[in-house]
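Novice: Contents of structure-v5.cif (mmCIF, C-alpha atoms and all ligand atoms) are below:
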```cif
data_query
#
loop_
_atom_site.label_atom_id
_atom_site.label_comp_id
_atom_site.auth_asym_id
_atom_site.auth_seq_id
_atom_site.Cartn_x
_atom_site.Cartn_y
_atom_site.Cartn_z
CA MET A 6 0.38 6.15 -5.39
CA THR A 7 3.45 4.58 -3.76
CA GLY A 8 4.93 1.20 -4.71
CA ALA A 9 3.02 1.43 -7.98
CA ALA A 10 5.50 -0.17 -10.39
CA ARG A 11 3.85 -3.57 -9.98
CA GLY A 12 1.39 -5.70 -8.03
CA ILE A 13 -1.37 -4.12 -5.98
CA GLY A 14 0.05 -0.62 -6.49
CA ALA A 15 -0.04 -0.92 -10.28
CA ALA A 16 -3.65 -2.15 -10.20
CA VAL A 17 -4.79 0.60 -7.83
CA ALA A 18 -3.00 3.23 -9.96
CA ALA A 19 -4.77 1.96 -13.09
CA ARG A 20 -8.13 1.95 -11.34
CA LEU A 21 -7.75 5.47 -9.93
CA ALA A 22 -6.74 6.66 -13.41
CA ALA A 23 -9.82 4.97 -14.89
CA ASP A 24 -11.86 6.81 -12.24
CA GLY A 25 -10.62 10.06 -13.80
CA ASN A 26 -7.61 10.96 -11.67
CA ALA A 27 -4.18 11.98 -13.01
CA VAL A 28 -1.89 9.50 -11.26
CA ALA A 29 1.71 9.73 -10.08
CA VAL A 30 3.15 6.22 -10.32
CA LEU A 31 5.79 6.36 -7.59
CA ASP A 32 8.32 3.61 -6.91
CA LEU A 33 12.01 3.20 -6.01
CA ASP A 34 13.14 2.94 -9.62
CA GLU A 35 11.52 5.42 -12.00
CA ALA A 36 12.24 3.22 -15.04
CA ALA A 37 10.37 0.33 -13.42
CA CYS A 38 7.20 2.48 -13.42
CA ALA A 39 7.14 2.65 -17.24
CA ASP A 40 4.80 -0.34 -17.76
CA THR A 41 2.21 0.96 -15.29
CA VAL A 42 2.33 4.45 -16.82
CA GLU A 43 2.08 3.05 -20.36
CA ALA A 44 -0.92 0.86 -19.48
CA ILE A 45 -2.73 3.86 -17.98
CA ARG A 46 -1.99 6.07 -21.01
CA GLU A 47 -3.05 3.33 -23.44
CA ALA A 48 -6.37 3.11 -21.60
CA GLY A 49 -6.81 6.87 -22.12
CA GLY A 50 -5.71 7.95 -18.63
CA SER A 51 -3.09 10.36 -17.41
CA ALA A 52 0.00 9.25 -15.45
CA VAL A 53 3.63 10.15 -14.78
CA ALA A 54 6.46 8.01 -13.39
CA VAL A 55 8.16 9.27 -10.25
CA GLY A 56 11.27 7.63 -8.78
CA ALA A 57 11.43 8.09 -5.01
CA ASP A 58 12.30 6.27 -1.80
CA VAL A 59 9.42 6.71 0.67
CA THR A 60 11.78 6.19 3.63
CA ASP A 61 13.83 9.26 2.73
CA ALA A 62 12.35 12.63 3.74
CA GLU A 63 14.21 14.60 1.07
CA SER A 64 13.27 12.15 -1.66
CA VAL A 65 9.63 12.33 -0.55
CA ALA A 66 9.62 16.16 -0.48
CA THR A 67 11.15 16.35 -3.97
CA ALA A 68 8.70 13.77 -5.33
CA VAL A 69 5.63 15.49 -3.90
CA GLU A 70 6.79 18.89 -5.23
CA ARG A 71 7.36 17.35 -8.64
CA VAL A 72 3.90 15.76 -8.67
CA ALA A 73 2.32 19.08 -7.67
CA ALA A 74 4.15 20.84 -10.51
CA GLN A 75 3.40 18.21 -13.16
CA LEU A 76 -0.13 17.06 -12.24
CA GLY A 77 -1.45 19.67 -9.83
CA ALA A 78 -1.78 19.48 -6.05
CA PRO A 79 -1.95 15.84 -4.91
CA THR A 80 -5.19 15.31 -2.99
CA ILE A 81 -5.31 11.50 -3.06
CA LEU A 82 -2.53 9.46 -1.46
CA VAL A 83 -2.29 5.67 -1.39
CA ASN A 84 0.49 4.39 0.90
CA ASN A 85 1.15 1.00 -0.65
CA ALA A 86 4.97 0.65 -0.83
CA GLY A 87 6.04 -2.37 1.16
CA ILE A 88 8.58 -5.11 1.70
CA LEU A 89 8.79 -8.45 3.50
CA ARG A 90 11.70 -9.69 5.64
CA ASP A 91 10.07 -12.77 7.21
CA ASN A 92 11.80 -14.78 9.90
CA LEU A 93 10.85 -16.46 13.15
CA LEU A 94 11.52 -14.14 16.08
CA PHE A 95 14.66 -15.94 17.28
CA ARG A 96 16.20 -15.58 13.81
CA MET A 97 14.96 -12.07 13.06
CA SER A 98 17.80 -9.58 12.74
CA GLU A 99 17.62 -5.95 13.76
CA ASP A 100 17.97 -5.08 10.09
CA ASP A 101 14.93 -7.26 9.25
CA TRP A 102 12.94 -5.40 11.89
CA ASP A 103 14.12 -1.90 10.98
CA ALA A 104 13.76 -2.33 7.22
CA VAL A 105 10.13 -3.44 7.40
CA LEU A 106 9.05 -0.88 10.01
CA THR A 107 10.86 1.85 8.08
CA VAL A 108 9.33 1.22 4.66
CA HIS A 109 5.76 0.73 5.87
CA LEU A 110 5.47 3.13 8.79
CA ARG A 111 8.12 5.80 8.25
CA GLY A 112 7.23 5.73 4.55
CA ALA A 113 3.53 6.27 5.17
CA PHE A 114 4.29 8.93 7.80
CA LEU A 115 6.61 10.91 5.50
CA MET A 116 4.28 10.68 2.50
CA SER A 117 1.19 11.61 4.54
CA ARG A 118 2.95 14.58 6.14
CA ALA A 119 4.09 15.88 2.75
CA VAL A 120 0.77 15.36 0.94
CA GLN A 121 -1.52 16.64 3.72
CA ALA A 122 -0.22 20.18 3.14
CA HIS A 123 -1.79 20.08 -0.33
CA GLN A 124 -4.94 18.36 0.92
CA VAL A 125 -5.50 20.89 3.69
CA GLU A 126 -5.03 23.76 1.24
CA ALA A 127 -7.51 22.13 -1.15
CA GLY A 128 -9.97 21.44 1.67
CA TRP A 129 -10.39 17.91 0.32
CA GLY A 130 -8.38 14.73 0.36
CA ARG A 131 -8.26 10.96 0.56
CA ILE A 132 -5.59 8.80 2.18
CA VAL A 133 -5.64 5.02 1.81
CA ASN A 134 -3.09 2.92 3.69
CA LEU A 135 -2.28 -0.70 2.94
CA SER A 136 -2.50 -2.81 6.09
CA SER A 137 -2.82 -6.61 6.00
CA THR A 138 -4.54 -9.52 7.72
CA SER A 139 -1.05 -10.08 9.17
CA ALA A 140 -1.89 -7.19 11.54
CA LEU A 141 -3.93 -9.79 13.46
CA GLY A 142 -0.77 -11.84 14.09
CA SER A 143 1.25 -13.94 11.70
CA ARG A 144 3.91 -16.56 12.37
CA GLY A 145 7.32 -15.47 11.06
CA GLN A 146 6.21 -11.89 10.61
CA ALA A 147 6.83 -10.07 13.92
CA ASN A 148 8.16 -7.09 11.96
CA TYR A 149 5.49 -7.08 9.24
CA SER A 150 2.53 -7.68 11.57
CA ALA A 151 3.71 -4.87 13.86
CA ALA A 152 4.08 -2.56 10.85
CA LYS A 153 0.65 -3.47 9.48
CA ALA A 154 -1.04 -3.02 12.88
CA GLY A 155 0.81 0.29 13.06
CA MET A 156 -0.68 1.29 9.72
CA GLN A 157 -4.13 0.90 11.27
CA GLY A 158 -3.25 3.19 14.20
CA LEU A 159 -1.74 5.73 11.85
CA THR A 160 -4.87 5.63 9.68
CA LYS A 161 -7.19 6.32 12.61
CA THR A 162 -5.07 9.23 13.82
CA LEU A 163 -4.89 10.73 10.32
CA ALA A 164 -8.68 10.45 10.17
CA ILE A 165 -9.05 12.29 13.49
CA GLU A 166 -6.52 15.04 12.72
CA LEU A 167 -7.40 15.69 9.08
CA GLY A 168 -11.18 15.20 9.08
CA ARG A 169 -11.88 18.88 9.71
CA PHE A 170 -10.03 19.70 6.48
CA GLY A 171 -12.24 17.46 4.36
CA VAL A 172 -9.68 14.65 4.34
CA THR A 173 -10.61 11.03 5.03
CA ALA A 174 -8.13 8.26 5.87
CA ASN A 175 -8.91 4.57 5.64
CA ALA A 176 -6.97 1.31 5.54
CA ILE A 177 -7.34 -1.77 3.40
CA ALA A 178 -6.18 -5.03 4.96
CA PRO A 179 -5.74 -7.61 2.20
CA GLY A 180 -5.50 -11.34 2.72
CA VAL A 181 -3.35 -13.37 0.32
CA ILE A 182 -3.17 -11.52 -3.00
CA GLU A 183 -1.41 -13.03 -5.99
CA THR A 184 1.58 -10.71 -6.61
CA GLU A 185 5.36 -10.80 -6.90
CA MET A 186 5.60 -10.31 -3.12
CA THR A 187 3.62 -13.47 -2.31
CA GLY A 188 5.12 -15.33 -5.30
CA ALA A 189 8.55 -14.73 -3.78
CA VAL A 190 7.31 -16.36 -0.55
CA ALA A 191 6.45 -19.50 -2.57
CA ASP A 192 9.92 -19.43 -4.16
CA ARG A 193 11.51 -19.17 -0.72
CA LEU A 194 9.44 -22.10 0.59
CA GLY A 195 10.52 -24.16 -2.41
CA VAL A 196 7.03 -24.78 -3.81
CA THR A 197 5.67 -23.65 -7.16
CA ARG A 198 3.63 -20.48 -7.11
CA GLU A 199 0.62 -22.40 -8.41
CA GLU A 200 0.87 -24.91 -5.55
CA PHE A 201 1.31 -22.11 -3.05
CA PHE A 202 -1.76 -20.17 -4.16
CA THR A 203 -3.90 -23.33 -4.53
CA GLU A 204 -2.98 -24.33 -0.98
CA ALA A 205 -3.60 -20.80 0.35
CA ALA A 206 -7.03 -20.71 -1.32
CA LYS A 207 -8.13 -23.70 0.79
CA ASP A 208 -8.11 -21.50 3.92
CA VAL A 209 -10.13 -18.70 2.31
CA PRO A 210 -13.93 -18.86 2.81
CA VAL A 211 -14.66 -17.69 -0.76
CA GLY A 212 -12.32 -20.40 -2.05
CA ARG A 213 -9.74 -18.36 -3.92
CA VAL A 214 -6.81 -16.06 -3.30
CA GLY A 215 -7.24 -12.39 -4.09
CA THR A 216 -6.18 -10.38 -7.11
CA PRO A 217 -4.77 -6.84 -7.19
CA ALA A 218 -8.10 -5.81 -8.79
CA ASP A 219 -9.93 -6.87 -5.60
CA ILE A 220 -7.87 -4.31 -3.70
CA ALA A 221 -8.25 -1.69 -6.43
CA ASN A 222 -12.05 -1.93 -6.10
CA ALA A 223 -11.86 -1.14 -2.39
CA ALA A 224 -9.36 1.70 -2.95
CA SER A 225 -11.61 3.18 -5.63
CA PHE A 226 -14.49 3.34 -3.16
CA PHE A 227 -12.42 4.95 -0.38
CA CYS A 228 -11.10 7.57 -2.82
CA SER A 229 -14.51 8.40 -4.22
CA GLU A 230 -16.74 11.35 -3.39
CA ALA A 231 -19.32 8.82 -2.17
CA ALA A 232 -17.03 7.71 0.69
CA GLY A 233 -16.82 11.16 2.27
CA TYR A 234 -18.48 10.01 5.52
CA VAL A 235 -16.29 6.91 5.86
CA SER A 236 -13.06 7.61 7.74
CA GLY A 237 -10.68 5.85 10.10
CA GLN A 238 -11.93 2.44 8.98
CA VAL A 239 -10.09 -0.78 8.24
CA LEU A 240 -11.61 -2.89 5.48
CA TYR A 241 -10.46 -6.51 5.39
CA VAL A 242 -10.42 -7.63 1.76
CA ALA A 243 -9.55 -11.23 2.38
CA GLY A 244 -12.36 -13.44 1.13
CA GLY A 245 -13.50 -13.86 4.74
CA PRO A 246 -12.85 -12.36 8.18
CA ARG A 247 -9.18 -13.27 7.90
CA ALA A 248 -7.16 -15.08 5.27
N1 LIG B 1 0.35 -9.40 -1.81
C1 LIG B 1 -0.32 -9.64 -0.67
O1 LIG B 1 -0.80 -10.77 -0.43
C2 LIG B 1 -0.52 -8.57 0.34
C3 LIG B 1 -1.34 -8.83 1.44
C4 LIG B 1 -1.53 -7.85 2.39
C5 LIG B 1 -0.94 -6.61 2.26
N2 LIG B 1 -0.13 -6.36 1.19
C6 LIG B 1 0.48 -5.03 1.10
O2 LIG B 1 0.14 -4.42 -0.12
C7 LIG B 1 1.21 -3.60 -0.57
C8 LIG B 1 1.62 -3.99 -1.98
O3 LIG B 1 1.99 -5.36 -2.00
P1 LIG B 1 2.38 -6.16 -3.32
O4 LIG B 1 2.05 -7.58 -3.08
O5 LIG B 1 1.83 -5.47 -4.52
O6 LIG B 1 3.98 -6.03 -3.25
P2 LIG B 1 5.09 -5.91 -4.39
O7 LIG B 1 6.36 -6.36 -3.77
O8 LIG B 1 4.64 -6.58 -5.65
O9 LIG B 1 5.14 -4.34 -4.65
C9 LIG B 1 5.60 -3.45 -3.67
C10 LIG B 1 6.22 -2.26 -4.37
O10 LIG B 1 6.70 -1.35 -3.36
C11 LIG B 1 7.91 -0.81 -3.81
N3 LIG B 1 8.73 -0.30 -2.72
C12 LIG B 1 9.37 -1.03 -1.75
N4 LIG B 1 10.09 -0.22 -0.96
C13 LIG B 1 9.90 1.04 -1.42
C14 LIG B 1 10.39 2.33 -1.01
N5 LIG B 1 11.24 2.46 0.03
N6 LIG B 1 10.00 3.42 -1.70
C15 LIG B 1 9.16 3.31 -2.77
N7 LIG B 1 8.67 2.13 -3.20
C16 LIG B 1 9.04 1.01 -2.53
C17 LIG B 1 8.60 -1.98 -4.52
O11 LIG B 1 9.64 -1.52 -5.39
C18 LIG B 1 7.43 -2.64 -5.24
O12 LIG B 1 7.26 -2.15 -6.56
C19 LIG B 1 2.32 -3.74 0.47
O13 LIG B 1 2.23 -2.72 1.42
C20 LIG B 1 1.99 -5.08 1.10
O14 LIG B 1 2.53 -5.18 2.40
C21 LIG B 1 0.08 -7.31 0.22
#
```
The structure in this file should be written as structure tokens.
Specialist:
Amino acid sequence: MTGAARGIGAAVAARLAADGNAVAVLDLDEAACADTVEAIREAGGSAVAVGADVTDAESVATAVERVAAQLGAPTILVNNAGILRDNLLFRMSEDDWDAVLTVHLRGAFLMSRAVQAHQVEAGWGRIVNLSSTSALGSRGQANYSAAKAGMQGLTKTLAIELGRFGVTANAIAPGVIETEMTGAVADRLGVTREEFFTEAAKDVPVGRVGTPADIANAASFFCSEAAGYVSGQVLYVAGGPRA
């Protein structure tokens, strides 16, 4: 479970642990994973903290080996690590572009390539990739929307290549979810987080913004035995067709 120190990743990690899985809580800073790991253990689950940078092939290889040694072969992978570097196109730097594409796409590629070896050997696996409604186009997010559309293409190809080994791959495309990532957008816009989320909720058909638990519910389904005939799909979890 990448990017699991906080936000959506922490909620999905807790849910997959509650579903009976031993969970590797992977994030950039191992110490930052402590709260997520503690919460899972307190609830009776099993989890370990793993510090790794998903953009770095060596770091990914070491992390996956460590998880295999500590928890057993990883057969479920959730590619959730992500960053924002929003800017209108004319102000977007090459670094803004590269950083976002690298974390989301290179990160998911490296993690999937490392974990599929274990999944293929086990003859069973689940991959869940975090896309976004931004994949449909989003002002100020040329980098992020390209990365999140890319996650959908990657998901479909993983589904096609790995299906014969009992591995499914699906994507979740959240709308606005209340996390540190979206809270920081409010800070940058100079409005309170409460104002920001109240305003955002007005555009959502179900009349509220999402919670990390909304995404965890979808991830739980995709990772379940019951979802074995669902692969290569993109599920918008956005309170409507798009947030
Ligand atoms: N919050 C939303 O509204 C929303 C909407 C759509 C999609 N998403 C996607 O869901 C995912 C989680 O979002 P969130 O809101 O919980 O974000 P968040 O910023 O709260 O958490 C992201 C986590 O990813 C980690 N991370 C970043 N770069 C990393 C790297 N190189 N290696 C390992 N870990 C790294 C961060 O340290 C952080 O803990 C992201 O992929 C995001 O794009 C979020």
Novice: Please give me, as an MDAnalysis selection string, the residues lying within 7 Å of ligand LIG 1 (chain B) when counting all atoms listed in the file.
Specialist: chainID A and resid 7:14 31:33 57:60 85:88 108:109 112 135:138 178:187
Novice: In Å, with one decimal, what is the gap from CA of Gly130 (chain A) to CA of Pro217 (chain A)?
Specialist: 23.1 Å
Novice: Write out as a list in words the residues lying within 12 Å of Arg193 (chain A), counting only C-alpha atoms and excluding same-chain residues fewer than 4 positions away.
Specialist: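 My list of contacting residues is Leu89, Arg90, Asp91, Asn92, Met186, Thr187, Gly188, Ala189, Thr197, Arg198 and Phe201 of chain A.
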Novice: With only C-alpha atoms as the basis for distance, which of A:Met6, A:Leu106, A:Val235, A:Ala16 is at the shortest distance from Ile220 (chain A)?
Specialist: A:Ala16
Novice: Find the distance between CA of Leu82 (chain A) and CA of Asn148 (chain A) and write it in Å to one decimal.
Specialist: 23.8 Å
Novice: Which residue is closest to Val83 (chain A)? Choose from A:Ala19, A:Ala231, A:Ile132, A:Val105 and count all atoms listed in the file.
Specialist: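 Ranked by minimum distance to Val83 (chain A), first place goes to A:Ile132.
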Novice: Taking into account all atoms listed in the file, which residue in the set A:Val242, A:Ala176, A:Ala22, A:Ala48 is nearest to Leu163 (chain A)?
Specialist: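 Distance minimum relative to Leu163 (chain A) lands on A:Ala176.
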Novice: Within 10 Å of Ser229 (chain A), counting all atoms listed in the file, which residues qualify if same-chain residues fewer than 3 places away don't, as an MDAnalysis selection string?
Specialist: chainID A and resid 21 24 81 130:131 224:226 232:233
Novice: So which residues touch Ala27 (chain A) within 8 Å, counting only C-alpha atoms, skipping near sequence neighbours fewer than 5 positions away, as a short mmCIF file (atom, residue, chain, number, x, y, z; two decimals) with C-alpha atoms, in the frame of the given file?
Specialist:
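Printed below is selection_3.cif as written:
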```cif
data_model
loop_
_atom_site.label_atom_id
_atom_site.label_comp_id
_atom_site.auth_asym_id
_atom_site.auth_seq_id
_atom_site.Cartn_x
_atom_site.Cartn_y
_atom_site.Cartn_z
CA ALA A 22 -6.74 6.66 -13.41
CA GLY A 50 -5.71 7.95 -18.63
CA SER A 51 -3.09 10.36 -17.41
CA ALA A 52 0.00 9.25 -15.45
CA LEU A 76 -0.13 17.06 -12.24
#
```
Novice: Looking at only C-alpha atoms, which of A:Arg71, A:Leu94, A:Arg169, A:Ala164 is the one that sits closest to Gly56 (chain A)?
Specialist: A:Arg71
Novice: Please determine, counting only C-alpha atoms, which residue among A:Val172, A:Ala62, A:Ala243, A:Ala37 has the shortest atom-to-atom distance to Phe227 (chain A).
Specialist: A:Val172
Novice: Which residues are near Leu159 (chain A)? Cut-off 12 Å, all atoms listed in the file, ignore same chain within fewer than 2 positions. Put them as a PyMOL selection string.
Specialist: chain A and resi 84+109-115+117-118+132-136+152-157+161-167+174-176+237-239
Novice: Using Å and a single decimal, report how far CA of Ala15 (chain A) sits from CA of Thr41 (chain A).
Specialist: 5.8 Å
Novice: Write out as a ChimeraX atom specification which residues come within 12 Å of Leu93 (chain A) when counting only C-alpha atoms, dropping same-chain ones fewer than 4 positions away.
Specialist: /A:97-98,101-102,143-149
Novice: Find the residue from A:Ala78, A:Ala39, A:Val55, A:Val196 that sits nearest to Ala122 (chain A); use all atoms listed in the file when measuring.
Specialist: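 That would be A:Ala78, the residue with the smallest distance to Ala122 (chain A).
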